[in-house]
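Report on the following structure.
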Amino acid sequence: MRPKSRPASAPGPGTARGPACVVLAGGLGTRMKSGTPKVLHPVCGRPMIAYALEAALALKPAVTVIVTGAGTHERIESALAPYKGKAKILFAIQEKPLGTGHALLTAVKELGTGFGGSVIVLNGDFPLIRPATLKKLFRLHAKDKNALSLGSFLTDAPGSYGRVRRDLDGAPVRIVEKTDLSAGDEEIKEVNSGLYALEPEALKLLGRIKRNPRKNEYYITDILALARRAGLRAGAYAIATGEEFAGVNDLRELGVAEAVMRGRLIAAHSEKGARFLAPETAFVDYGVKVAPGAVVHPNVHLQGATTVGKGCIIYPNARIIDSVIKEGAVILDSSLIESSEVGKNAQVGPFAHLRPGSRINPFAKIGNFVEIKNSTIGKGTKAMHLSYIGDARVGRSVNIGAGTITCNYDGARKMRTVIEDGCFIGSDSQLVAPVTVKKGSYVAAGTTVTNDVPGGSLAISRVRQKNVKGYVRKKRKV
Ligand code: UD1
Ligand code: CA
């Protein structure tokens with residue numbers, strides 16, 4: 001007998017309100033051997049769970065419930081704070097990690113009796129999942145009028161995945177976890193992905209799941225056998241590759257997922273016209289924007305909320321974090337740029353360090369071994385060698401000589417230095433903040449500037465040079 005479909009009255013897939021989504025993230029993740037909750041481990045700069053959550057949100061769910069553990073709840077909730085304003089997201093705390101079935105039950109309780117629609121469930125640990133795949137499962141689930149559907153994939157290496165056992169008609173009857181395999185199950189090449197769609201009549205069976213005797217946990221996967229026994233219609237659909245459905249349980253698998261995601265991101269940038277000279281050595285976080293015509297040399301790291309503009313060239317070994325590199329700017333070798341902006345056609349490096357809050361205006365040049373922190377550097381200004389500029393405002397067309405230092409810290413407070421347009425700061429000068437060098441002034445090499453310099457003047461503070469004639473000859477005679 002074919003299992004019957006769900007009653008027509010059930011508010012199944014296709015309800016105007018959209019389904020509810022549940023993301024399971026309450027497990028201990030002990031296989032990661034790490035103090036960080038498993039689902040918060042980043043893949044290309046973004047926590048694993050964010051990928052599952054965004055895939056879920058693509059379904060436009062009426063509500064999304066994230067199941068967390070008692071010990072991980074706060075960290076997961078704060079990591080997902082940016083999503084809270086974008087959709088209705090609830091958190092359900094699973095006090096004890098009693099298994100995936102128990103986790104879903106915890107979520108269903110959070111949903112409350114008021115919700116009577118379809119529920120899409122995803123493990124929180126498969127970062128390579130594509131939103132289109134979720135949509136596909138939900139579509140098939142609705143089309144076949146199933147009470148329960150699951151995404152599966154075919155593999156020659158089923159490893160620790162649950163095997164999808166089918167009956168002679170090809171209908172899925174049971175998921176068998178690795179520890180519970182019977183004779184014949186070893187042959188099964190179809191495995192469970194951790195993505196499910198359930199109707200209320202299937203959800204009702206959750207309470208009937210018994211603890212798995214080996215692991216002492218309630219398995220969500222047991223719902224398939226229970227649904228079949230209750231005469232409900234169920235489907236398993238091999239809708240994606242093992243790569244996309246790969247669950248991350250340990251750091252080795254995390255490394256594999258990271259490599260796949262990195263490849264996907266760089267391929268997407270390249271298709272839009274960014275050139276990566278050695279794509280296999282480029283590290284580009286999820287969410288980084290690289291404009292067409294930009295060229296990225298080997299071993300470059302682009303992290304966080306970074307944007308690289310049209311025609312920029314990023315030379316080898318640069319690391320750019322949360323920064324905006326505008327059109328035509330060039331970042332020379334081995335430079336570190338953090339939370340800063342590099343203006344159009346400006347140049348930074350080699351071996352330069354822009355610390356947070358630096359703004360380099362167009363056509364400015366920041367050269368070898370120069371460190372800038374929380375400072376604005378005006379248009380066309382140059383600081384080419386061995387300088388520290390902190391808490392400063394430097395105007396346009398200023399020349400900062402080699403070895404110039406802003407002394408911005410008195411041991412207790414940070415103070416500002418202002419260097420106005422057109423100034424020339426001679427080499428090896430110190431500017432003791434707070435201090436202002438007014439427009440068009442010169443500071444002589446080796447000067448320690450402690451007082452403001454009026455516009456158009458020369459500041460010089462050094463001991464006059466004395467040449468002692470014949471000194472060397474006399475000294476050698478002694
Ligand atoms: C699970 C499936 C397996 C499937 C595989 C796909 C079960 C019993 N097995 O195995 O059939 O092939 O995923 O990757 O479900 N979690 C909780 N609370 C818990 C336990 C787990 O929320 O008490 C969460 C975890 O945080 C994780 C997800 O559920 O995000 C899956 O748990 P995990 O332990 O990784 O299951 P697998 O052993 O991979
Ligand atoms: Ca897993």
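Quick note on naming: the chains in the structure tokens go A, B, ... in the order shown, residues restart at 1 in each chain, and ligands are numbered from 1 in order of appearance.
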
Spatial neighbours of Pro47 in chain A, max dist 9 Å, only C-alpha atoms, sep filter under 6 positions, as a VMD selection string:
chain A and resid 39 to 41 79 to 80 127

Given a cut-off of 6 Å, what residues near ligand 1 show up using only C-alpha atoms and all ligand atoms, put as a VMD selection string?
chain A and resid 24 to 27 67 97 to 100 103 123 to 125 161 to 162 177 191 to 194 219 to 221 247 249

If we count only C-alpha atoms, what is near range 155-160 of chain A at a cut-off of 12 Å, once residues fewer than 6 positions away on the same chain are taken out, given as a PyMOL selection string?
chain A and resi 176-181+185-193+238+240-243+245-250

Selected residue, from A:Leu332, A:Val256, A:Leu205, A:Ala50, that lies nearest to Gly101 in chain A when counting only C-alpha atoms:
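With only C-alpha atoms as the atom set, the closest residue is A:Leu205.
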
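Of the listed residues (A:Ile377, A:Ala92, A:Leu254, A:Leu431), A:Leu254 comes nearest to ligand 2; the distances count only C-alpha atoms and all ligand atoms.
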
Please compute the CA of Val443 in chain A-CA of Gly343 in chain A distance, one decimal, in Å.
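We find that CA of Val443 in chain A and CA of Gly343 in chain A lie 26.6 Å from each other.
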